[in-house]
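**Q** I am sharing final.cif, which consists of mmCIF, C-alpha atoms and all ligand atoms:
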```
data_protein
loop_
_atom_site.label_atom_id
_atom_site.label_comp_id
_atom_site.auth_asym_id
_atom_site.auth_seq_id
_atom_site.Cartn_x
_atom_site.Cartn_y
_atom_site.Cartn_z
CA MET J 1326 -186.75 -216.61 85.98
CA SER J 1327 -185.30 -213.36 84.58
CA THR J 1328 -186.97 -211.55 81.65
CA THR J 1329 -184.01 -212.34 79.36
CA THR J 1330 -184.09 -216.06 80.22
CA MET J 1331 -187.84 -216.14 79.66
CA SER J 1332 -187.70 -214.40 76.29
CA ARG J 1333 -184.93 -216.80 75.24
CA ALA J 1334 -187.14 -219.73 76.26
CA VAL J 1335 -190.10 -218.29 74.33
CA ARG J 1336 -187.91 -217.73 71.26
CA ARG J 1337 -186.59 -221.28 71.49
CA ARG J 1338 -190.13 -222.68 71.72
CA TRP J 1339 -191.12 -220.62 68.67
CA TRP J 1340 -188.10 -221.82 66.73
CA TRP J 1341 -188.94 -225.50 67.45
CA THR J 1342 -192.61 -225.02 66.55
CA LEU J 1343 -191.69 -223.42 63.21
CA TRP J 1344 -188.96 -225.99 62.54
CA SER J 1345 -191.40 -228.86 63.23
CA LEU J 1346 -194.02 -227.34 60.92
CA LEU J 1347 -191.43 -226.85 58.16
CA THR J 1348 -190.13 -230.42 58.55
CA VAL J 1349 -193.60 -232.01 58.57
CA LEU J 1350 -194.57 -230.03 55.44
CA ALA J 1351 -191.30 -230.93 53.66
CA ILE J 1352 -191.83 -234.64 54.44
CA GLY J 1353 -195.54 -234.50 53.52
CA ILE J 1354 -195.04 -232.81 50.13
CA THR J 1355 -192.13 -235.12 49.22
CA ALA J 1356 -194.08 -238.22 50.29
CA TYR J 1357 -197.10 -237.17 48.23
CA PHE J 1358 -195.53 -235.84 45.01
CA VAL J 1359 -192.22 -237.66 44.52
CA PRO J 1360 -193.04 -241.43 44.79
CA PRO J 1361 -194.87 -241.61 41.41
CA TYR J 1362 -191.64 -240.43 39.74
CA LEU J 1363 -189.56 -242.90 41.79
CA VAL J 1364 -191.52 -245.90 40.49
CA GLY J 1365 -191.98 -244.65 36.92
CA ASN J 1366 -195.73 -244.06 37.28
CA THR J 1367 -196.92 -242.05 34.27
CA ASN J 1368 -200.57 -242.01 35.33
CA ILE J 1369 -200.35 -238.54 36.89
CA PRO J 1370 -203.24 -236.07 36.48
CA GLY J 1371 -202.33 -233.24 34.07
CA LEU J 1372 -199.06 -234.85 32.95
CA ASP J 1373 -198.50 -234.38 29.20
CA MET J 1374 -196.73 -237.55 28.00
CA THR J 1375 -196.62 -236.36 24.37
CA ILE J 1376 -193.77 -233.88 25.08
CA PRO J 1377 -190.45 -235.64 24.35
CA GLY J 1378 -188.26 -236.04 27.45
CA TYR J 1379 -190.66 -234.11 29.72
CA TYR J 1380 -191.46 -237.03 32.03
CA THR J 1381 -187.79 -238.13 32.17
CA SER J 1382 -186.75 -234.59 33.10
CA LEU J 1383 -189.35 -234.57 35.89
CA VAL J 1384 -187.92 -237.85 37.26
CA ILE J 1385 -184.35 -236.50 37.19
CA HIS J 1386 -185.65 -233.26 38.74
CA GLY J 1387 -188.20 -234.46 41.31
CA VAL J 1388 -186.20 -237.24 42.97
CA PRO J 1389 -183.06 -235.25 43.97
CA ALA J 1390 -185.21 -232.16 44.68
CA GLY J 1391 -187.25 -234.27 47.13
CA LEU J 1392 -184.02 -235.49 48.74
CA ALA J 1393 -182.82 -231.88 49.19
CA LEU J 1394 -186.18 -230.94 50.68
CA LEU J 1395 -185.87 -233.81 53.21
CA ILE J 1396 -182.22 -233.18 54.15
CA GLY J 1397 -182.53 -229.39 54.57
CA PRO J 1398 -184.31 -229.02 57.93
CA TRP J 1399 -181.83 -231.27 59.81
CA GLN J 1400 -178.89 -229.17 58.64
CA PHE J 1401 -180.29 -226.16 60.52
CA VAL J 1402 -180.43 -227.87 63.95
CA PRO J 1403 -177.48 -226.40 65.95
CA ARG J 1404 -177.17 -229.41 68.29
CA LEU J 1405 -176.96 -231.90 65.40
CA ARG J 1406 -174.33 -229.77 63.66
CA ALA J 1407 -172.24 -229.55 66.82
CA ARG J 1408 -172.51 -233.24 67.77
CA PHE J 1409 -172.14 -234.77 64.32
CA PRO J 1410 -170.00 -232.40 62.22
CA ARG J 1411 -169.01 -235.13 59.74
CA ALA J 1412 -172.63 -236.11 59.14
CA HIS J 1413 -173.44 -232.42 58.62
CA ARG J 1414 -170.67 -232.14 56.00
CA MET J 1415 -171.75 -235.36 54.21
CA ALA J 1416 -175.43 -234.42 54.20
CA GLY J 1417 -174.48 -230.92 53.03
CA ARG J 1418 -172.62 -232.37 50.04
CA VAL J 1419 -175.54 -234.67 49.15
CA TYR J 1420 -177.89 -231.68 49.49
CA LEU J 1421 -175.82 -229.46 47.18
CA ILE J 1422 -175.31 -232.21 44.56
CA SER J 1423 -179.08 -232.88 44.66
CA VAL J 1424 -179.84 -229.18 44.14
CA VAL J 1425 -177.48 -228.98 41.15
CA ALA J 1426 -178.93 -232.16 39.54
CA ALA J 1427 -182.54 -231.08 40.19
CA ALA J 1428 -181.89 -227.56 38.87
CA MET J 1429 -180.25 -228.86 35.66
CA ALA J 1430 -183.20 -231.14 34.98
CA ALA J 1431 -185.65 -228.33 35.83
CA LEU J 1432 -184.04 -226.24 33.08
CA TYR J 1433 -185.34 -228.77 30.56
CA SER J 1434 -188.74 -229.21 32.29
CA ALA J 1435 -189.18 -225.42 32.28
CA ALA J 1436 -188.15 -225.13 28.62
CA VAL J 1437 -190.75 -227.65 27.43
CA THR J 1438 -193.51 -227.24 30.03
CA PRO J 1439 -196.98 -226.77 28.60
CA SER J 1440 -197.81 -224.49 31.56
CA GLY J 1441 -197.07 -221.21 29.74
CA PHE J 1442 -194.60 -218.33 29.52
CA THR J 1443 -195.29 -216.69 32.93
CA LEU J 1444 -194.47 -219.96 34.69
CA GLN J 1445 -191.44 -220.55 32.50
CA VAL J 1446 -190.03 -217.18 33.62
CA ALA J 1447 -190.70 -218.05 37.30
CA PHE J 1448 -189.07 -221.49 36.94
CA PHE J 1449 -186.00 -220.19 35.08
CA GLY J 1450 -185.63 -217.46 37.72
CA LEU J 1451 -185.86 -220.07 40.46
CA VAL J 1452 -183.20 -222.22 38.80
CA VAL J 1453 -180.81 -219.25 38.62
CA VAL J 1454 -181.25 -218.18 42.27
CA TRP J 1455 -181.25 -221.81 43.46
CA LEU J 1456 -177.86 -222.44 41.84
CA TYR J 1457 -176.44 -219.03 42.75
CA THR J 1458 -177.28 -219.32 46.47
CA ALA J 1459 -175.92 -222.91 46.53
CA ALA J 1460 -172.65 -221.74 44.95
CA GLN J 1461 -172.33 -218.85 47.43
CA ALA J 1462 -173.00 -221.17 50.39
CA TYR J 1463 -170.37 -223.62 49.17
CA ARG J 1464 -167.80 -220.88 48.51
CA ALA J 1465 -168.36 -219.39 51.98
CA ILE J 1466 -167.80 -222.68 53.81
CA ARG J 1467 -164.69 -223.48 51.74
CA ARG J 1468 -163.31 -220.16 53.00
CA GLY J 1469 -164.29 -220.99 56.59
CA GLU J 1470 -166.90 -218.21 56.76
CA VAL J 1471 -169.49 -220.09 58.85
CA GLN J 1472 -171.97 -217.24 59.41
CA VAL J 1473 -171.96 -216.30 55.73
CA HIS J 1474 -172.44 -219.97 54.79
CA ARG J 1475 -175.41 -220.15 57.16
CA ILE J 1476 -177.03 -217.08 55.63
CA TRP J 1477 -176.71 -218.40 52.05
CA MET J 1478 -178.04 -221.82 53.10
CA VAL J 1479 -181.12 -220.20 54.66
CA ARG J 1480 -181.70 -218.40 51.35
CA ASN J 1481 -181.08 -221.57 49.35
CA TYR J 1482 -183.46 -223.68 51.42
CA ALA J 1483 -186.10 -220.96 51.11
CA PHE J 1484 -186.01 -221.63 47.34
CA THR J 1485 -186.06 -225.41 47.85
CA PHE J 1486 -189.08 -224.90 50.11
CA ALA J 1487 -190.84 -223.00 47.29
CA ALA J 1488 -191.92 -226.49 46.13
CA VAL J 1489 -193.94 -226.76 49.36
CA THR J 1490 -195.45 -223.27 49.48
CA LEU J 1491 -196.29 -223.48 45.75
CA ARG J 1492 -198.46 -226.53 46.38
CA LEU J 1493 -200.05 -225.02 49.50
CA TYR J 1494 -201.02 -221.87 47.57
CA GLN J 1495 -202.31 -224.06 44.74
CA LEU J 1496 -204.52 -225.87 47.26
CA VAL J 1497 -205.94 -222.55 48.47
CA GLY J 1498 -206.39 -221.45 44.84
CA LEU J 1499 -208.31 -224.64 44.02
CA GLN J 1500 -210.66 -223.92 46.93
CA LEU J 1501 -211.12 -220.36 45.64
CA MET J 1502 -211.98 -221.72 42.18
CA SER J 1503 -215.01 -223.47 43.62
CA VAL J 1504 -216.41 -220.14 44.91
CA MET J 1505 -215.10 -217.97 42.02
CA PRO J 1506 -216.15 -219.71 38.78
CA SER J 1507 -214.32 -217.12 36.60
CA LEU J 1508 -210.97 -218.01 38.21
CA GLU J 1509 -208.91 -220.20 35.87
CA TYR J 1510 -206.44 -222.88 36.92
CA SER J 1511 -203.60 -221.26 34.94
CA ALA J 1512 -204.04 -218.04 36.99
CA VAL J 1513 -203.96 -220.05 40.23
CA TYR J 1514 -200.80 -221.92 39.14
CA GLU J 1515 -199.00 -218.75 37.98
CA SER J 1516 -199.83 -216.64 41.04
CA SER J 1517 -198.93 -219.55 43.36
CA ALA J 1518 -195.49 -219.90 41.72
CA TRP J 1519 -194.67 -216.19 42.01
CA LEU J 1520 -196.09 -215.91 45.53
CA SER J 1521 -194.08 -218.91 46.72
CA LEU J 1522 -190.87 -217.46 45.29
CA LEU J 1523 -191.29 -213.93 46.65
CA GLY J 1524 -192.94 -214.93 49.95
CA ASN J 1525 -190.19 -217.41 50.80
CA VAL J 1526 -187.48 -214.83 50.07
CA LEU J 1527 -189.12 -212.39 52.49
CA VAL J 1528 -189.45 -215.01 55.24
CA ALA J 1529 -185.81 -216.09 54.75
CA GLU J 1530 -184.55 -212.50 54.97
CA TYR J 1531 -186.62 -211.96 58.13
CA PHE J 1532 -184.98 -215.03 59.72
CA ILE J 1533 -181.51 -213.95 58.65
CA VAL J 1534 -181.98 -210.55 60.27
CA GLN J 1535 -183.62 -211.91 63.43
CA ARG J 1536 -181.38 -214.90 64.09
CA THR J 1537 -178.01 -213.89 62.65
CA LEU J 1538 -177.63 -210.16 62.01
CA ALA J 1539 -179.57 -208.75 64.99
CA PRO J 1540 -177.68 -210.85 67.62
CA LEU J 1541 -174.38 -209.84 65.99
CA ALA J 1542 -175.40 -206.17 66.06
CA ARG J 1543 -176.49 -206.47 69.72
CA ARG J 1544 -173.17 -208.07 70.65
CA ARG J 1545 -171.24 -205.32 68.84
CA SER J 1546 -173.20 -202.51 70.47
CA SER J 1547 -172.58 -204.00 73.93
CA GLU J 1548 -168.82 -204.24 73.31
CA PRO J 1549 -166.79 -201.55 75.07
CA ALA J 1550 -166.12 -198.55 72.84
CA GLU J 1551 -162.38 -199.15 73.20
CA ALA J 1552 -162.59 -202.64 71.68
CA LEU J 1553 -164.57 -201.27 68.74
CA ALA J 1554 -162.07 -198.46 68.24
CA GLN J 1555 -159.26 -201.03 67.93
CA GLN J 1556 -161.04 -202.95 65.12
C1 LIG F 1 -186.58 -224.53 43.74
C2 LIG F 1 -186.31 -224.87 42.54
C3 LIG F 1 -187.24 -225.66 41.67
C4 LIG F 1 -187.48 -225.41 40.37
C5 LIG F 1 -186.90 -224.31 39.53
C6 LIG F 1 -188.44 -226.39 39.92
C7 LIG F 1 -188.94 -226.48 38.62
C8 LIG F 1 -189.92 -227.37 38.21
C9 LIG F 1 -190.54 -227.37 36.91
C10 LIG F 1 -190.22 -226.42 35.77
C11 LIG F 1 -191.46 -228.36 36.91
C12 LIG F 1 -192.43 -228.69 35.76
C13 LIG F 1 -193.73 -227.97 36.11
C14 LIG F 1 -194.66 -227.84 34.94
O1 LIG F 1 -194.36 -228.30 33.85
O2 LIG F 1 -195.76 -227.25 35.13
C15 LIG F 1 -191.41 -229.00 38.20
C16 LIG F 1 -192.17 -230.06 38.57
C17 LIG F 1 -191.96 -230.80 39.71
N1 LIG F 1 -191.14 -230.47 40.76
FE1 LIG F 1 -189.94 -228.88 40.84
N2 LIG F 1 -188.75 -227.23 40.96
C18 LIG F 1 -188.03 -226.84 42.06
C19 LIG F 1 -188.02 -227.43 43.31
C20 LIG F 1 -188.60 -228.64 43.59
C21 LIG F 1 -188.49 -229.34 44.84
C22 LIG F 1 -187.67 -228.88 46.06
C23 LIG F 1 -189.22 -230.48 44.75
C24 LIG F 1 -189.39 -231.49 45.83
C25 LIG F 1 -190.51 -232.04 46.12
C26 LIG F 1 -189.79 -230.51 43.41
C27 LIG F 1 -190.60 -231.51 42.89
C28 LIG F 1 -191.24 -231.47 41.68
C29 LIG F 1 -192.13 -232.49 41.22
C30 LIG F 1 -192.49 -233.78 41.95
C31 LIG F 1 -192.59 -232.06 39.98
C32 LIG F 1 -193.57 -232.76 39.04
C33 LIG F 1 -194.91 -232.08 39.02
C34 LIG F 1 -195.77 -232.53 40.14
O3 LIG F 1 -196.02 -233.76 40.23
O4 LIG F 1 -196.21 -231.66 40.92
N3 LIG F 1 -189.40 -229.38 42.75
N4 LIG F 1 -190.46 -228.37 38.97
#
```
Could the structure of this file be written out as C-alpha cells, please?
Ligand code: HEM
**A**
Amino acid sequence: MSTTTMSRAVRRRWWWTLWSLLTVLAIGITAYFVPPYLVGNTNIPGLDMTIPGYYTSLVIHGVPAGLALLIGPWQFVPRLRARFPRAHRMAGRVYLISVVAAAMAALYSAAVTPSGFTLQVAFFGLVVVWLYTAAQAYRAIRRGEVQVHRIWMVRNYAFTFAAVTLRLYQLVGLQLMSVMPSLEYSAVYESSAWLSLLGNVLVAEYFIVQRTLAPLARRRSSEPAEALAQQ
C-alpha cells in the first residue's frame, strides 16, 4: 500500500470515528433533554415556571432544535448525499426551518431567562450567528455554489452542536464544584456557554481548512502553471 493510500485510509478512519462520536453525542443529548418538553413535563429541575411564556418558548425552541441536532450529522455523509440527493434536499429544508423556528423561540427564552446578563449576551449572539450562517448556506446552494454551501453548513452545525458541548462542559463544571466549594453554578453555566460557542467555532474552522480549503489549494498548486495562467 502506498504512503498516500495509507494516509487517506487513516484520514477516513479518523473522520468516521469523529462522525460517530458527534452523532452519538447529538442523539444522547437530544434523547435526554428534549423529551420532557415534548410531553409537556414541567417538573424539570431549575425551571422557573413563574416567568410568563418561558416554558412555552422552551418547548417551541427545544423540539425543533433537537430535530436539527439529529438531522445534521447525516447531511455531512458524502455517500448519502450522492445516493439520495432528494432526501438530502428534503432533510436540509427541514433542518433550516427547524433552526429558524428554534432561533426565534430562543430570542424570547433569552430575553426572559433568569440565568443572567452574561448568558443573555451569549444566547443572543448564538441566535444571530445561527441564523446568519443558515441564511448564507441557503443562499449559496440556491446559487449552485456547493463548496460554499458546505462551508456555511459546517459553521451552522457547529453552532447547533453548541447545545451538546455546553452540557458536556456543564457536567465537567459540576464535577469541579464538588472539589472547589467556592465555585458557583452561575460561573460554571456562563463559562460553559462561552466556551461551547468559541470552541465549536475553532473546531469548525479547522475542519473547513483541513477538508475543503487545503485539498483545493493542493489541487491548484499541482495544476500546470499554464492552466493557472489562463484562469
Ligand atoms: C445554537 C443555538 C441555540 C440557542 C441560541 C439556544 C438558546 C437557548 C436558551 C436561551 C435557552 C434558555 C436557557 C436558560 O434560560 O438558562 C435554551 C434552553 C434549551 N435549549 Fe437551546 N439554544 C440553542 C440550541 C439548542 C439545540 C441545538 C438544542 C437541542 C437539543 C437545544 C435545546 C434546549 C433545551 C432542551 C433547553 C431547555 C433547558 C434544558 O432543559 O437544558 N438548544 N436554549
**Q** Please report the interatomic distance between atom O1 of ligand LIG 1 (chain F) and CA of Gly1353 in chain J in Å with one decimal.
**A**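 Computing the Euclidean distance for atom O1 of ligand LIG 1 (chain F) and CA of Gly1353 in chain J yields 20.7 Å.
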**Q** Using Å and a single decimal, report how far CA of Ala1459 in chain J sits from CA of Leu1527 in chain J.
**A** 17.9 Å
**Q** Please build the interface table for chain J against ligand LIG 1 (chain F) with a cut-off of 7 Å, listing for each qualifying residue the nearest atom pair and the distance in Å to one decimal; count all atoms listed in the file, order rows by chain and increasing number, and write it as a tab-separated table.
**A**
```
residue	atom	partner	partner_atom	distance
J:Ile1354	CA	F:LIG1	C25	6.1
J:Thr1355	CA	F:LIG1	C25	4.7
J:Phe1358	CA	F:LIG1	C30	4.8
J:Val1359	CA	F:LIG1	C30	4.7
J:Leu1383	CA	F:LIG1	C32	5.6
J:His1386	CA	F:LIG1	FE1	6.5
J:Gly1387	CA	F:LIG1	C27	4.1
J:Ala1390	CA	F:LIG1	C22	4.3
J:Gly1391	CA	F:LIG1	C24	3.7
J:Ala1393	CA	F:LIG1	C22	6.5
J:Leu1394	CA	F:LIG1	C22	5.3
J:Ala1428	CA	F:LIG1	C5	6.0
J:Ala1431	CA	F:LIG1	C7	4.7
J:Leu1432	CA	F:LIG1	C10	6.7
J:Ser1434	CA	F:LIG1	C10	4.7
J:Ala1435	CA	F:LIG1	C10	3.8
J:Thr1438	CA	F:LIG1	O1	4.1
J:Pro1439	CA	F:LIG1	O1	6.1
J:Ser1440	CA	F:LIG1	O2	5.0
J:Gln1445	CA	F:LIG1	C10	6.8
J:Phe1448	CA	F:LIG1	C5	4.4
J:Phe1449	CA	F:LIG1	C5	6.1
J:Leu1451	CA	F:LIG1	C5	4.5
J:Val1452	CA	F:LIG1	C5	4.3
J:Trp1455	CA	F:LIG1	C2	6.0
J:Phe1484	CA	F:LIG1	C1	4.7
J:Thr1485	CA	F:LIG1	C22	4.2
J:Phe1486	CA	F:LIG1	C22	5.9
J:Ala1487	CA	F:LIG1	C1	5.8
J:Ala1488	CA	F:LIG1	C21	4.6
```
**Q** Write out as a ChimeraX atom specification the residues lying within 10 Å of Ala1465 in chain J, counting only C-alpha atoms and excluding same-chain residues fewer than 4 positions away.
**A** /J:1459-1461,1469-1477
**Q** Could you name the residues that touch range 1411-1415 of chain J at 12 Å or less, counting all atoms listed in the file, but leaving out those on the same chain fewer than 4 positions away, as a list of chain:residue names?
**A**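 Final neighbour list, sorted by chain and number: J:Ile1396, J:Gly1397, J:Pro1398, J:Trp1399, J:Gln1400, J:Phe1401, J:Val1402, J:Pro1403, J:Arg1404, J:Leu1405, J:Arg1406, J:Ala1407, J:Val1419, J:Tyr1420, J:Leu1421, J:Ile1422, J:Tyr1463, J:Ile1466, J:Arg1467.
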**Q** Using all atoms listed in the file, which protein or nucleic acid residues come within 7 Å of Ser1517 in chain J? Drop anything in the same chain fewer than 6 positions from it, and give the result as a list of chain:residue names.
**A**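 The residues that qualify are J:Leu1491, J:Tyr1494, J:Gln1495.
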**Q** Once you have the residues from the selection above, write them out as a tab-separated table (two decimals), keeping the file's coordinate frame, restricted to C-alpha atoms.
**A**
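File written: result06.tsv
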```tsv
chain	number	residue	atom	x	y	z
J	1491	LEU	CA	-196.29	-223.48	45.75
J	1494	TYR	CA	-201.02	-221.87	47.57
J	1495	GLN	CA	-202.31	-224.06	44.74
```
**Q** To one decimal place in Å, what is the distance between CA of Leu1496 in chain J and CA of Tyr1514 in chain J?
**A** 9.8 Å
**Q** I need the residue nearest Gly1524 in chain J from this list: J:Ala1483, J:Val1335, J:Val1364, J:Met1374. Use only C-alpha atoms for the distance.
**A**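 Closest to Gly1524 in chain J, using only C-alpha atoms: J:Ala1483.
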**Q** Can you list, as number ranges by chain, every protein, DNA or RNA residue that comes within 10 Å of Asn1366 in chain J when you count all atoms listed in the file, leaving out same-chain residues fewer than 4 positions away?
**A** J: 1360-1362, 1380, 1384
**Q** I'd like to know which of J:Met1478, J:Ala1518, J:Val1437, J:Val1528 is closest to Asp1373 in chain J, using only C-alpha atoms.
**A**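 Closest to Asp1373 in chain J, using only C-alpha atoms: J:Val1437.
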**Q** Centre and edge lengths of an axis-aligned box around all listed atoms of range 1355-1374 of chain J, with 4 Å added on each side, are to be given in Å to one decimal, as lines of an AutoDock Vina configuration file.
**A**
```
center_x = -196.4
center_y = -239.6
center_z = 39.1
size_x = 21.7
size_y = 20.7
size_z = 30.3
```
**Q** Arg1480 in chain J: which residues within 7 Å, counting all atoms listed in the file, same-chain residues fewer than 6 positions away excluded, as a PyMOL selection string?
**A** chain J and resi 1458+1526+1529
**Q** Return the single residue from J:Ser1423, J:Tyr1510, J:Leu1392, J:Val1504 that is closest to Gly1441 in chain J, with distances computed using all atoms listed in the file.
**A** J:Tyr1510
**Q** With distances taken over all atoms listed in the file, which of J:Thr1375, J:Val1446, J:Trp1339, J:Glu1515 is nearest to Gly1498 in chain J?
**A**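 Looking at the shortest contact to Gly1498 in chain J, the residue is J:Glu1515.
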